[in-house]
Structures are given as structure tokens and as C-alpha cells.
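*Asks:* I am attaching a structure below and will ask some questions about it afterwards.
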2 protein chains.
Amino acid sequence: MNSIRAFAPATVANVACGFDIFGFAIEAPGDVVEIRRRDEPGVVIKEITGDEGRLPRNAEKNAVTVVMLHLLKHLGIKDFGAEVVLHKNMPLGSGMGSSAASAVAGVVAMNELLGNPLSRQELLPFAMEGEKIASGSAHADNVGPSLLGGFVVIRSYNPLDIFTIPVPDDLYCTLVHPDIEINTKDARFILRSEVSLKNTIAQMGNVAGLVAGLMKSDYELIGRSMVDVIIEPVRSILIPEFNVVKLAAIENGALGCSISGSGPSMFALSKGKANAESAGLAMQQKFADAGIESSMHVSAINKNGAAIL
Amino acid sequence: MNSIRAFAPATVANVACGFDIFGFAIEAPGDVVEIRRRDEPGVVIKEITGDEGRLPRNAEKNAVTVVMLHLLKHLGIKDFGAEVVLHKNMPLGSGMGSSAASAVAGVVAMNELLGNPLSRQELLPFAMEGEKIASGSAHADNVGPSLLGGFVVIRSYNPLDIFTIPVPDDLYCTLVHPDIEINTKDARFILRSEVSLKNTIAQMGNVAGLVAGLMKSDYELIGRSMVDVIIEPVRSILIPEFNVVKLAAIENGALGCSISGSGPSMFALSKGKANAESAGLAMQQKFADAGIESSMHVSAINKNGAAIL
């Protein structure tokens with residue numbers, strides 16, 4: 001095989017109450033990576049589309065190729081020659097897991113090109129290295145679901161303990177991206193390093209409720225559990241019209257609504273596609289009322305994650 | 001009906017990572033309450049056995065009758081005459097939900113005597129009032145499972161949102177009570193009011209893991225999730241030999257081991273009764289090595305909660 005194309009989906013991390021521990025994949029959009037073997041040694045970036053020239057073209061500084069270089073090094077493969085094309089299909093710094101999608105598509109494509117020496121689960125640490133390049137810390141709440149699909153729980157980072165839980169078939173995600181940008185590092189920087197025990201207990205209750213609600217297909221419980229008393233009150237300050245948009249989602253069919261990742265994208269979960277669409281249109285209208293353009297994606301939960309095209 | 005006897009089981013609250021949000025009921029021991037109607041108005045305590053004379057005999061100060069008085073008041077029933085006998089079958093201040101069992105048995109018995117005007121779920125706030133009398137705050141993590149049975153999650157206290165989750169059939173609890181006493185108010189007092197964000201995230205991961213592990217019947221995940229980085233490191237200081245006893249449980253068949261409620265009882269969860277018994281014997285031996293007598297109870301999870309006898 002001399003050429004591979006891989007797709008990796010956008011993801012919603014945190015999922016209201018589950019800061020750093022929850023994430024799920026959606027069906028679209030997603031990044032596409034093409035790798036072609038070439039005779040000269042070295043992995044080079046040939047082209048990136050959709051990033052308006054903002055991502056590094058140096059293979060050692062871009063998440064999409066960093067993951068490939070880590071994988072090649074791990075496997076002891078030297079002098080491997082490949083050129084890489086990355087099609088960015090989602091905005092950078094959007095809270096949709098943009099860098100994670102590139103890293104996952106990159107490592108899945110390279111693994112396939114090499115004849116799949118590693119399993120999906122084994123690729124996770126490599127994808128996390130790509131995330132580290134982009135956001136400064138090796139998180140798994142975007143790369144996990146983009147790689148594995150479904151609703152992912154990261155029980156522990158050290159040692160890494162990650163698993164998926166079933167979700168109801170009729171659960172739909174609405175993702176609305178307002179045309180403003182938040183740097184992930186900034187969004188992390190404004191968080192307090194201490195949490196009250198009272199808020200910790202409230203958050204744990206919602207974490208337990210969301211897991212149980214998803215596994216029981218109890219939509220009402222899912223909605224009641226989509227409450228974040230720790231992170232959202234701080235980060236939402238960075239998103240204009242946050243409270244108005246959130247309320248519009250819930251009043252127009254959504255079970256709950258919060259920040260996707262570190263924002264500024266907002267997501268909602270709904271029972272059924274019609275609710276997800278009406279919630280999304282209401283959210284977009286509220287952004288529009290404040291003069292903010294936005295894009296919307298409505299999707300079921302992506303149960304498969306990254307795919308070879 | 002002129003006479004009623006009700007049983008309410010002991011419970012394990014917190015369950016390692018789930019401070020104030022998790023609790024489950026065991027099959028035995030449990031308290032038994034008898035109510036007999038009498039002609040003179042007023043609810044009086046006729047007899048209490050098994051408390052070595054330590055519980056208040058004043059009906060307005062004892063959890064078992066406070067719950068009855070609240071229920072009568074709520075129903076607008078005046079001049080009701082009844083005498084109450086309470087058989088305490090577990091030690092006070094043991095971390096086994098002793099006051100909760102008395103409150104639950106009391107309110108279930110009175111509700112039955114009155115022809116069941118309220119559902120089990122509706123009795124919960126009354127049972128919580130009894131808990132408040134005994135421990136100073138109206139918690140639900142003991143009264144919830146003692147009343148409803150099973151593994152209970154309290155998602156929220158305000159408004160109260162409580163539900164049960166399924167547990168694997170072969171899950172057994174070992175409860176070991178060392179013959180020392182901790183006051184619940186003291187055990188709460190020594191906790192810090194702030195938690196690091198890092199520990200909050202770790203605890204949330206374990207909460208999610210424990211709920212998923214129980215619902216998936218994934219015993220290994222249950223064990224890995226029985227980790228408490230917030231409360232146990234503080235409260236375990238009050239339990240002599242805690243680390244040695246915990247290690248003995250895990251090395252002798254238990255999936256995990258932690259403090260039951262606010263202690264000093266320790267509990268372990270195991271796959272199968274044989275593991276639960278060998279873990280318990282090892283725990284008792286370690287207490288004995290330090291000159292501390294203990295009692296042990298091995299039981300499946302009680303799925304029914306309180307019962308009319």
C-alpha cells in the first residue's frame with residue numbers, strides 16, 4: 001500500500017459536568033489526512049487545506065505529523081519517506097477537538113500504511129502526544145472519542161484507564177460554533193486550582209447521573225445531569241451571549257446545553273434529530289441577534305470514531 | 001391494624017469515591033421497630049434494646065420517633081396514640097448507617113400502620129429528618145438505600161434527585177466493625193472545605209468508573225474505581241491500622257476496600273461470597289494483631305431495602 005486516506009471526527013469534550021473525563025465523537029465534520037509514500041526519507045507536510053495558512057508546516061511542530069514521527073520511532077522504523085496532506089474541515093481553536101481530529105487521523109493513517117502494527121487502543125498515547133503539541137497538555141477527552149468513537153470516559157490518566165459507555169440510539173448532538181476564537185491554553189489558565197467540597201459533591205452527583213442516564217437511556221436524567229458548577233461558570237464568561245444561547249437551546253427541545261471543550265463552541269444534547277435541529281436554530285438566532293455569525297452541526301453520536309476512507 | 005414490625009437494613013455510604021452521593025444496603029444486620037397503637041394520644045418510646053441505654057428515650061429527640069412525628073404532622077393526624085419499641089442490632093457511631101436504619105424502620109412502620117398513605121420514595125424526606133437529628137445534617141446516602149434498597153445515587157440534594165442503579169448479582173459486601181467509635185460530626189469536621197481541581201477530576205473519573213462498572217457488571221472496573229483521593233486520606237487517620245487492613249482485604253480477594261460512611265467500620269466489595277469472606281477474615285486478623293476486636297458481616301447487596309415483618 002502506498003497511499004492512505006483517514007478520517008477522524010470532531011468531538012465534544014467535558015460534556016458539561018465531566019471536565020477532562022468525558023468526551024464523545026460526532027459524525028461530521030472531521031479532518032481528513034492523506035499519506036503517500038515517497039522515495040526520499042523523512043515525513044513532510046505537502047499541503048494543508050482549510051487552515052488559512054495558520055498551522056505549522058514543519059512536520060516536527062504539527063500534531064498531524066508529530067504523531068506519525070512518534071509512531072515510527074516507537075516501531076523502530078527509520079528512513080521512512082512519506083508526504084502528508086491535511087484537510088482541515090473544522091475551525092482551529094473552536095472547542096470541537098480540531099487538533100485531536102488531525103492527530104487521530106494522522107496516527108490512524110500511518111498505522112494503516114504500516115499494516116496496522118498497533119490496535120486502536122494502543123494508538124491512544126501517540127494521539128495524545130499530538131494533542132500535547134497543540135494544547136500544551138496530553139489530554140484524552142478529545143483524542144479518545146475521535147479515535148475510538150462513542151461516549152468515552154477517562155477514569156484515570158496515570159495509569160491511563162479509558163472506556164466507552166453505551167448511549168441511547170435517539171440521542172443527537174447539536175454543535176454551534178460562533179465565529180470567535182478562544183485559545184485552549186487561555187481557557188485552562190483562567191480556571192481556579194481549588195474547588196469547594198460542596199461543588200465537588202454536586203459535580204460528582206451529576207457525573208454519576210450522566211453515566212447512569214446514558215446507560216439507562218433515561219433522557220430526563222441525562223438532561224438533569226448536564227450541569228457544570230465548576231468550569232462552566234468561569235469559562236462561559238469568555239463566550240458572548242452564553243446564558244441566552246443556553247436558555248434558547250433548552251427552551252427549544254434540548255435536554256441540556258453547555259460549552260464544547262474549552263469553547264467557544266456550544267453543544268446541546270437532545271432526544272431526536274428534530275429537537276436537536278430546533279435547539280440549534282434557536283441557538284444560532286441568539287448569536288445572530290448579538291451580531292455573531294455561527295455555524296451549526298447536528299449529528300448522532302458517532303459510534304465508530306476514526307475511519308480509513 | 002394495631003401493631004406493626006418493620007426492618008431496615010444497615011448501609012454503606014460514600015462507597016470510596018462517592019462522598020455524600022453513593023450508598024448501598026446490605027442484607028443484615030438491620031434495626032427492627034415495633035409500633036403498637038394505644039388509647040392515650042402521643043407517641044412514646046416504650047423500650048429500646050441493644051443501645052446500652054445511650055439513645056434518648058424522649059420521642060422528640062430520637063430519630064426513630066422524630067420521623068413518625070413528622071409524618072403524622074404532615075398528614076394532619078392529631079392525637080394519635082402509639083408506643084414504640086426499637087431493637088438496635090448494630091452499634092451506634094459505627095459507620096453502618098445506624099441512625100438511618102432506625103429512622104427508616106420507624107417511618108416505614110408508621111406509614112404501614114396508617115395504611116400506606118405515602119410511597120417509599122415519598123417517605124425519604126421524613127427519614128432524612130431523622131438523620132438530621134442524629135448526625136446534624138439531612139443526608140440521604142444512608143437513609144436512601146436503607147429505605148429503597150439497592151445501590152443508590154443521590155444526584156442532587158436541592159432539589160432531591162435520587163435513583164438506584166443495577167449491581168452485578170455476584171457482588172458481595174464485607175463489613176468489618178472495629179470496636180472503636182467515631183462521632184459522625186467529628187468525622188465531618190476534620191474534612192477540608194476546599195479540594196484541588198486535580199483531585200476533583202480524579203474523583204469524578206472514579207465516580208464515573210464505579211457507576212459504569214456496576215451497570216456493566218465489570219468487576220475489574222469496579223475495583224479500579226474504588227479509589228477515594230479526597231475523603232479517605234483524611235478520615236483514615238481516625239482508624240487505627242487502616243492501611244494494613246485495607247491492603248489485607250485487597251490481597252485476600254476483595255476488589256477494593258474503603259471506609260464505610262464516616263467510619264470506623266471498613267467495607268470491601270468482592271466478586272463472590274468466598275472472596276468476601278476471606279477478605280473479611282484477613283481484615284479482622286489485622287485488627288486483632290493490633291489488639292482491636294472486630295465484628296464482621298458478609299452480605300449480598302440488599303435489593304429491597306426496608307421491609308414489613
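Chain lettering (A, B, ...) mirrors the order of the C-alpha cells, residue numbering begins at 1 for each chain separately, and ligand numbering begins at 1 in order of display.
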What are the residues of chain B lining chain A at 10 Å or less? Count only C-alpha atoms, and put the answer as number ranges by chain.

*Replies:* B: 17-22, 153-158, 161-166, 191-213, 215-216, 221, 224-225, 230-231

*Asks:* From the DSSP assignment of the backbone, select every residue of segment 77-309 of chain B that is strand (DSSP E or B), and format the answer as a ChimeraX atom specification.

*Replies:* /B:81-87,151-157,160-165,171-178,194-196,254-259,266-271,294-301,307-308

*Asks:* Can you work out the spacing between atom CA of Ser260 of chain A and atom CA of Tyr219 of chain A in Å, to one decimal?

*Replies:*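 Distance reported for this atom pair: 19.4 Å.
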
*Asks:* Enter the distance from atom CA of Cys257 of chain A to atom CA of Gly223 of chain A, in Å, rounded to one decimal.

*Replies:* 8.6 Å

*Asks:* Do a neighbour search on Asp51 of chain B at 9 Å with only C-alpha atoms, toss out local chain neighbours closer than 5 positions, and write the hits as a VMD selection string.

*Replies:* chain B and resid 87 to 92

*Asks:* Using only all heavy atoms, please write the residues we just selected to a file, as an mmCIF file, in the first residue's frame.

*Replies:*
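As written to disk, part_10.cif reads:
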```cif
data_model
loop_
_atom_site.group_PDB
_atom_site.id
_atom_site.type_symbol
_atom_site.label_atom_id
_atom_site.label_comp_id
_atom_site.auth_asym_id
_atom_site.auth_seq_id
_atom_site.Cartn_x
_atom_site.Cartn_y
_atom_site.Cartn_z
ATOM 1 N N HIS B 87 -35.406 -2.106 68.405
ATOM 2 C CA HIS B 87 -34.337 -3.091 68.634
ATOM 3 C C HIS B 87 -33.125 -2.689 67.794
ATOM 4 O O HIS B 87 -33.137 -2.844 66.571
ATOM 5 C CB HIS B 87 -34.811 -4.494 68.240
ATOM 6 C CG HIS B 87 -36.004 -4.951 69.031
ATOM 7 N ND1 HIS B 87 -35.933 -5.302 70.362
ATOM 8 C CD2 HIS B 87 -37.314 -5.089 68.685
ATOM 9 C CE1 HIS B 87 -37.137 -5.652 70.799
ATOM 10 N NE2 HIS B 87 -37.997 -5.526 69.797
ATOM 11 N N LYS B 88 -32.123 -2.150 68.465
ATOM 12 C CA LYS B 88 -30.877 -1.769 67.774
ATOM 13 C C LYS B 88 -30.036 -3.017 67.571
ATOM 14 O O LYS B 88 -29.622 -3.654 68.532
ATOM 15 C CB LYS B 88 -30.057 -0.797 68.643
ATOM 16 C CG LYS B 88 -30.552 0.611 68.749
ATOM 17 C CD LYS B 88 -30.628 1.366 67.453
ATOM 18 C CE LYS B 88 -29.359 1.406 66.647
ATOM 19 N NZ LYS B 88 -29.638 2.013 65.301
ATOM 20 N N ASN B 89 -29.791 -3.329 66.307
ATOM 21 C CA ASN B 89 -28.997 -4.526 66.036
ATOM 22 C C ASN B 89 -27.635 -4.194 65.445
ATOM 23 O O ASN B 89 -26.982 -5.053 64.838
ATOM 24 C CB ASN B 89 -29.781 -5.459 65.108
ATOM 25 C CG ASN B 89 -31.021 -5.990 65.793
ATOM 26 O OD1 ASN B 89 -30.968 -6.338 66.983
ATOM 27 N ND2 ASN B 89 -32.129 -6.026 65.094
ATOM 28 N N MET B 90 -27.257 -2.930 65.562
ATOM 29 C CA MET B 90 -25.904 -2.564 65.113
ATOM 30 C C MET B 90 -25.390 -1.474 66.043
ATOM 31 O O MET B 90 -26.169 -0.742 66.661
ATOM 32 C CB MET B 90 -25.914 -2.094 63.668
ATOM 33 C CG MET B 90 -26.730 -0.837 63.413
ATOM 34 S SD MET B 90 -26.953 -0.475 61.650
ATOM 35 C CE MET B 90 -28.501 -1.329 61.302
ATOM 36 N N PRO B 91 -24.069 -1.373 66.163
ATOM 37 C CA PRO B 91 -23.511 -0.403 67.105
ATOM 38 C C PRO B 91 -23.762 1.042 66.653
ATOM 39 O O PRO B 91 -23.852 1.325 65.449
ATOM 40 C CB PRO B 91 -22.011 -0.726 67.102
ATOM 41 C CG PRO B 91 -21.770 -1.612 65.929
ATOM 42 C CD PRO B 91 -23.059 -2.231 65.531
ATOM 43 N N LEU B 92 -23.870 1.925 67.623
ATOM 44 C CA LEU B 92 -24.019 3.356 67.334
ATOM 45 C C LEU B 92 -22.671 3.911 66.853
ATOM 46 O O LEU B 92 -21.628 3.421 67.243
ATOM 47 C CB LEU B 92 -24.439 4.110 68.592
ATOM 48 C CG LEU B 92 -25.613 3.542 69.386
ATOM 49 C CD1 LEU B 92 -25.906 4.439 70.590
ATOM 50 C CD2 LEU B 92 -26.843 3.403 68.504
#
```

*Asks:* Among segment 85-309 of chain B, which residues carry a DSSP assignment of helix (DSSP H, G or I), reported as a PyMOL selection string?

*Replies:* chain B and resi 98-113+120-135+143-148+184-189+197-216+219-225+232-238+242-251+273-289

*Asks:* Smallest atom-to-atom distance to Asp141 of chain B: which of B:Phe7, B:Phe267, B:Phe126, B:Phe24, using only C-alpha atoms?

*Replies:*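 Using only C-alpha atoms, Asp141 of chain B sits closest to B:Phe24.
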
*Asks:* Atom CA of Gly106 of chain B and atom CA of Glu34 of chain B are how many Å apart?

*Replies:*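 These atoms are spaced 8.1 Å apart.
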
*Asks:* Identify, on the basis of only C-alpha atoms, every residue whose closest approach to Lys132 of chain B does not exceed 12 Å; exclude the query and any residue fewer than 6 positions from it along the same chain; express the result as a ChimeraX atom specification.

*Replies:* /B:61-64,66-67,99-100,103,125-126,138-140,142-143,184-185

*Asks:* Near Ala8 of chain A, counting only C-alpha atoms, which residues have an atom at most 12 Å away, once you skip same-chain residues fewer than 4 positions from it, shown as a tab-separated table (two decimals) with C-alpha atoms, in the first residue's frame?

*Replies:*
```tsv
chain	number	residue	atom	x	y	z
A	25	ALA	CA	-17.49	11.82	18.86
A	26	ILE	CA	-19.94	13.20	16.32
A	27	GLU	CA	-20.42	12.07	12.74
A	28	ALA	CA	-19.36	15.25	10.98
A	29	PRO	CA	-17.37	17.37	10.48
A	30	GLY	CA	-14.00	15.67	10.65
A	31	ASP	CA	-10.46	16.08	9.37
A	32	VAL	CA	-9.05	14.00	6.51
A	33	VAL	CA	-5.40	13.06	6.25
A	34	GLU	CA	-3.72	11.58	3.17
A	64	VAL	CA	-0.74	15.55	12.39
A	86	LEU	CA	-4.18	17.52	5.82
A	87	HIS	CA	-7.69	18.71	5.04
A	88	LYS	CA	-8.91	20.77	7.99
A	89	ASN	CA	-12.68	20.63	7.99
A	90	MET	CA	-13.29	22.45	11.23
A	96	MET	CA	-14.60	20.94	18.54
A	97	GLY	CA	-11.42	18.94	19.08
A	98	SER	CA	-9.73	20.26	15.96
A	99	SER	CA	-6.16	19.36	16.86
A	100	ALA	CA	-7.27	15.99	18.23
A	101	ALA	CA	-9.00	15.13	14.94
A	102	SER	CA	-5.83	15.92	12.99
A	103	ALA	CA	-3.66	13.92	15.37
A	104	VAL	CA	-6.02	10.94	15.30
A	105	ALA	CA	-6.42	10.95	11.52
A	106	GLY	CA	-2.64	11.18	11.21
A	107	VAL	CA	-1.81	8.29	13.50
A	108	VAL	CA	-4.60	6.07	12.16
A	109	ALA	CA	-3.47	6.71	8.58
A	127	ALA	CA	-2.57	10.66	19.54
A	142	ASN	CA	-10.91	14.65	22.53
A	143	VAL	CA	-8.43	12.15	21.09
A	144	GLY	CA	-10.09	9.26	22.95
A	145	PRO	CA	-13.54	9.59	21.36
A	146	SER	CA	-12.14	10.72	17.97
A	147	LEU	CA	-10.03	7.55	17.86
A	148	LEU	CA	-12.41	5.04	19.47
A	149	GLY	CA	-15.84	6.53	18.78
A	302	ASN	CA	-20.51	8.61	16.18
A	304	ASN	CA	-17.08	4.16	15.24
A	305	GLY	CA	-14.61	7.01	15.54
A	306	ALA	CA	-11.82	7.41	13.01
A	307	ALA	CA	-12.09	5.53	9.73
A	308	ILE	CA	-9.95	4.63	6.73
A	309	LEU	CA	-11.56	6.10	3.61
```

*Asks:* Which residues are close to segment 274-288 of chain A, i.e. within 8 Å by only C-alpha atoms, leaving aside same-chain residues fewer than 4 positions away? Reply as a PyMOL selection string.

*Replies:* chain A and resi 172-176+178+241+244-246+248-254+268-270+292-296+298

*Asks:* Using only C-alpha atoms, can you tell me which of B:Leu69, B:Glu112, B:Glu129, B:Val167 comes closest to Ala6 of chain B?

*Replies:* B:Glu112
